[in-house]
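J.: Before I ask anything, let me first share the structure, which is written out below as structure tokens.
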Amino acid sequence: MPIPGTPSRADLVDHLVRTRIAGDVATPRENNLSHYRKLANGDRNYWLGLELGDRWTDEQDVLAVMAERCGVNDDPEYRYGQDTIDPDLTVDALERMAGRLRKAAAGKQRVLFATGHPGGLLDVHRATAAALRSAGCEIVVIPDGLTTDEGYVFQFADVAVLEHGATLWHTHSGEPMRAILKGLEGAGRPLPDLVVADHGWAGCAGQLGVDSMGYADCNDPALFLAESEGTVQVTVPMDDHVTSPRFYDPMTAYLLDAAGLTDTDAETDTDAETGTEAKSN
């Protein structure tokens, strides 16, 4: 079962490894290398809404970045078997993400949340959105009637998702985010100050000049390349669809605590005479 409350860094690292969010993850090495190769060969399905040009045409360069920023095995001769995500790199990235969330809260910024992995990450984004709203941020409401070739773009629990056939859809495409940003501009509404997302939702936002942070698996190298180039501010390495979405709860708790976003809806005052604590909204 997930550990209760807000874990220490050491406890979170242990939890990430035990639940295979990091450490020895389910994604096999051959799948990782196949995706790195396809990205390097110019397959835009693996660019996640980014424009990588001809900067990443050598798959060994992609592997080097993934070893540095995600923790996969850096040996190009290791072709088959288990691959890894370094849990310390995961927590380091969560702490960088927390710093940007703290900035958003301090500035009461407009923040947009989106996911292409609703089966795993929807509640991570929902909880983060709720914490930022309590801190005074505006959670961006997307325009109605947005569509892409894959389906309808709408919001569920404050998180933009793709719907197809009455089902929340897994997508790597950047087109849903492009539709949202164009829809906001068309309605005369300001763009977000920050996007927190994953997959092409995060990549497209960063490519279009919006501050963007995202979660990414070890077989999705584009966001890590984008972070190395400064197009995306933070990319958190992790398995983005483990056996239970509840396994992400301690990670979310750690993120929000590091960002100073816990108990933001109340201030605690101590009564000097009685020693009791009273919360006032």
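Identifiers for the structure tokens are assigned positionally: chains receive A, B, ... in sequence, residues are indexed from 1 per chain, and ligands are indexed from 1 in the order shown.
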Skip Asp88 (chain A) itself and residues of its chain fewer than 2 positions away, then list as a short mmCIF file (atom, residue, chain, number, x, y, z; two decimals) with C-alpha atoms, in the first residue's frame all residues within 12 Å of it, counting only C-alpha atoms.
T.:
data_model
loop_
_atom_site.label_atom_id
_atom_site.label_comp_id
_atom_site.auth_asym_id
_atom_site.auth_seq_id
_atom_site.Cartn_x
_atom_site.Cartn_y
_atom_site.Cartn_z
CA ARG A 9 13.08 11.93 0.45
CA ALA A 10 14.52 8.56 1.48
CA ASP A 11 11.06 7.07 2.01
CA LEU A 12 9.89 8.39 -1.35
CA VAL A 13 12.90 6.91 -3.15
CA ASP A 14 12.17 3.56 -1.53
CA HIS A 15 8.50 3.81 -2.52
CA LEU A 16 9.31 4.71 -6.13
CA VAL A 17 11.53 1.65 -6.44
CA ILE A 21 7.62 4.09 -10.73
CA ALA A 22 11.42 4.26 -10.86
CA GLY A 23 14.26 1.78 -10.41
CA GLU A 68 21.98 11.71 -17.83
CA ARG A 69 18.45 12.96 -17.19
CA CYS A 70 16.45 9.75 -16.75
CA GLY A 71 18.95 7.17 -15.57
CA THR A 84 15.98 1.66 -15.34
CA ILE A 85 14.94 5.10 -14.15
CA ASP A 86 17.11 6.61 -11.42
CA THR A 90 12.95 11.54 -10.25
CA VAL A 91 13.00 13.27 -6.87
CA ASP A 92 15.48 15.90 -8.08
CA ALA A 93 13.07 16.76 -10.90
CA LEU A 94 10.10 16.83 -8.53
CA GLU A 95 11.97 19.38 -6.44
CA VAL A 236 10.18 14.36 -14.31
CA PRO A 237 11.38 10.83 -15.19
CA MET A 238 9.00 8.08 -14.08
#
J.: Please provide the set of residues having any atom within 10 Å of Val232 (chain A), restricted to only C-alpha atoms, with same-chain residues fewer than 5 positions apart removed, written as a PyMOL selection string.
T.: chain A and resi 50+195+202-207+209-214+222-227
J.: Could you write out the selected residues, including N, CA, C and O atoms, as a CSV table (one decimal), in the first residue's frame?
T.:
chain,number,residue,atom,x,y,z
A,50,LEU,N,7.0,18.8,-30.3
A,50,LEU,CA,8.2,19.6,-30.4
A,50,LEU,C,8.6,19.7,-31.8
A,50,LEU,O,8.3,18.8,-32.6
A,195,VAL,N,2.1,25.7,-18.0
A,195,VAL,CA,1.4,24.4,-18.3
A,195,VAL,C,2.1,23.3,-17.5
A,195,VAL,O,3.3,23.2,-17.5
A,202,ALA,N,2.6,18.8,-23.0
A,202,ALA,CA,3.7,19.6,-22.4
A,202,ALA,C,4.7,20.0,-23.5
A,202,ALA,O,5.1,21.2,-23.5
A,203,GLY,N,5.0,19.1,-24.5
A,203,GLY,CA,5.9,19.5,-25.5
A,203,GLY,C,5.4,20.6,-26.4
A,203,GLY,O,6.2,21.6,-26.7
A,204,CYS,N,4.2,20.5,-26.8
A,204,CYS,CA,3.6,21.6,-27.7
A,204,CYS,C,3.6,22.9,-27.0
A,204,CYS,O,3.9,24.0,-27.6
A,205,ALA,N,3.2,22.9,-25.7
A,205,ALA,CA,3.1,24.2,-25.0
A,205,ALA,C,4.5,24.8,-24.9
A,205,ALA,O,4.6,26.0,-25.1
A,206,GLY,N,5.5,24.1,-24.6
A,206,GLY,CA,6.8,24.6,-24.5
A,206,GLY,C,7.3,25.1,-25.9
A,206,GLY,O,7.9,26.2,-26.0
A,207,GLN,N,7.0,24.3,-26.9
A,207,GLN,CA,7.4,24.7,-28.3
A,207,GLN,C,6.7,26.1,-28.7
A,207,GLN,O,7.3,26.9,-29.4
A,209,GLY,N,6.1,28.5,-26.7
A,209,GLY,CA,6.6,29.6,-25.9
A,209,GLY,C,6.0,29.8,-24.5
A,209,GLY,O,6.2,30.8,-23.8
A,210,VAL,N,5.2,28.8,-24.1
A,210,VAL,CA,4.6,28.8,-22.8
A,210,VAL,C,5.4,28.0,-21.8
A,210,VAL,O,5.9,27.0,-22.1
A,211,ASP,N,5.7,28.6,-20.6
A,211,ASP,CA,6.4,27.8,-19.6
A,211,ASP,C,5.7,26.5,-19.4
A,211,ASP,O,4.5,26.4,-19.2
A,212,SER,N,6.5,25.4,-19.5
A,212,SER,CA,5.9,24.1,-19.5
A,212,SER,C,6.7,23.1,-18.7
A,212,SER,O,8.0,23.1,-18.7
A,213,MET,N,6.0,22.2,-17.9
A,213,MET,CA,6.7,21.2,-17.2
A,213,MET,C,5.9,19.9,-17.4
A,213,MET,O,4.7,19.9,-17.7
A,214,GLY,N,6.6,18.7,-17.4
A,214,GLY,CA,5.9,17.5,-17.7
A,214,GLY,C,6.5,16.3,-17.0
A,214,GLY,O,7.7,16.3,-16.6
A,222,ALA,N,11.6,12.8,-26.0
A,222,ALA,CA,11.5,14.1,-26.5
A,222,ALA,C,11.5,15.2,-25.4
A,222,ALA,O,12.1,16.2,-25.5
A,223,LEU,N,10.7,14.9,-24.3
A,223,LEU,CA,10.6,16.0,-23.3
A,223,LEU,C,12.0,16.2,-22.6
A,223,LEU,O,12.3,17.3,-22.1
A,224,PHE,N,12.7,15.1,-22.5
A,224,PHE,CA,14.1,15.2,-21.8
A,224,PHE,C,15.0,16.0,-22.7
A,224,PHE,O,15.8,16.8,-22.2
A,225,LEU,N,14.9,15.8,-24.0
A,225,LEU,CA,15.7,16.6,-25.0
A,225,LEU,C,15.3,18.1,-24.9
A,225,LEU,O,16.1,19.0,-24.9
A,226,ALA,N,14.0,18.3,-24.8
A,226,ALA,CA,13.5,19.7,-24.7
A,226,ALA,C,13.9,20.3,-23.4
A,226,ALA,O,14.3,21.5,-23.5
A,227,GLU,N,14.0,19.6,-22.3
A,227,GLU,CA,14.5,20.2,-21.1
A,227,GLU,C,16.0,20.5,-21.3
A,227,GLU,O,16.4,21.6,-20.8
J.: Would you mind listing, for every residue of region 197-261 of chain A within 6 Å of region 112-128 of chain A, the two atoms forming the shortest contact and the distance between them in Å to one decimal, using only C-alpha atoms, sorted by chain and ascending residue number, as a tab-separated table?
T.:
residue	atom	partner	partner_atom	distance
A:Ala197	CA	A:Ala114	CA	4.7
A:Asp198	CA	A:Thr115	CA	5.6
A:His241	CA	A:Gly120	CA	4.7
A:Pro245	CA	A:Gly120	CA	5.1
J.: Check region 107-260 of chain A with DSSP on the backbone and list each residue it calls strand (DSSP E), as a count of residues only.
T.: 36
J.: What does the distance between CA of Asp58 (chain A) and CA of Leu39 (chain A) come to in Å, to one decimal place?
T.: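 Separation between CA of Asp58 (chain A) and CA of Leu39 (chain A): 9.3 Å.
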J.: So what do you get for CA of Arg79 (chain A) versus CA of Arg29 (chain A), distance-wise?
T.: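 Interatomic distance, CA of Arg79 (chain A) to CA of Arg29 (chain A): 6.2 Å.
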J.: Go ahead and compute the interatomic distance for CA of Val153 (chain A) and CA of Tyr46 (chain A), in Å to one decimal.
T.: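 Distance reported for this atom pair: 20.6 Å.
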J.: Per residue of region 195-216 of chain A within 6 Å of region 165-175 of chain A, note the shortest atom pair and the distance in Å to one decimal, counting only C-alpha atoms, and order the rows by chain and increasing residue number, as a tab-separated table.
T.:
residue	atom	partner	partner_atom	distance
A:His199	CA	A:His172	CA	5.1
A:Gly200	CA	A:Gly174	CA	3.9
A:Trp201	CA	A:Gly174	CA	5.1
A:Cys204	CA	A:Gly174	CA	5.1
J.: Those same residues, written as a PDB file, in the first residue's frame with N, CA and C atoms?
T.:
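So the final result, stored in result24.pdb, reads:
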ATOM      1  N   HIS A 199       3.531  14.167 -22.076  1.00  0.00           N
ATOM      2  CA  HIS A 199       3.448  13.845 -23.501  1.00  0.00           C
ATOM      3  C   HIS A 199       3.429  15.099 -24.386  1.00  0.00           C
ATOM      4  N   GLY A 200       2.679  15.030 -25.494  1.00  0.00           N
ATOM      5  CA  GLY A 200       2.649  16.143 -26.431  1.00  0.00           C
ATOM      6  C   GLY A 200       2.001  17.393 -25.879  1.00  0.00           C
ATOM      7  N   TRP A 201       1.156  17.255 -24.865  1.00  0.00           N
ATOM      8  CA  TRP A 201       0.551  18.429 -24.245  1.00  0.00           C
ATOM      9  C   TRP A 201       1.642  19.351 -23.689  1.00  0.00           C
ATOM     10  N   CYS A 204       4.173  20.549 -26.817  1.00  0.00           N
ATOM     11  CA  CYS A 204       3.603  21.583 -27.677  1.00  0.00           C
ATOM     12  C   CYS A 204       3.554  22.926 -26.967  1.00  0.00           C
TER      13      CYS A 204
END
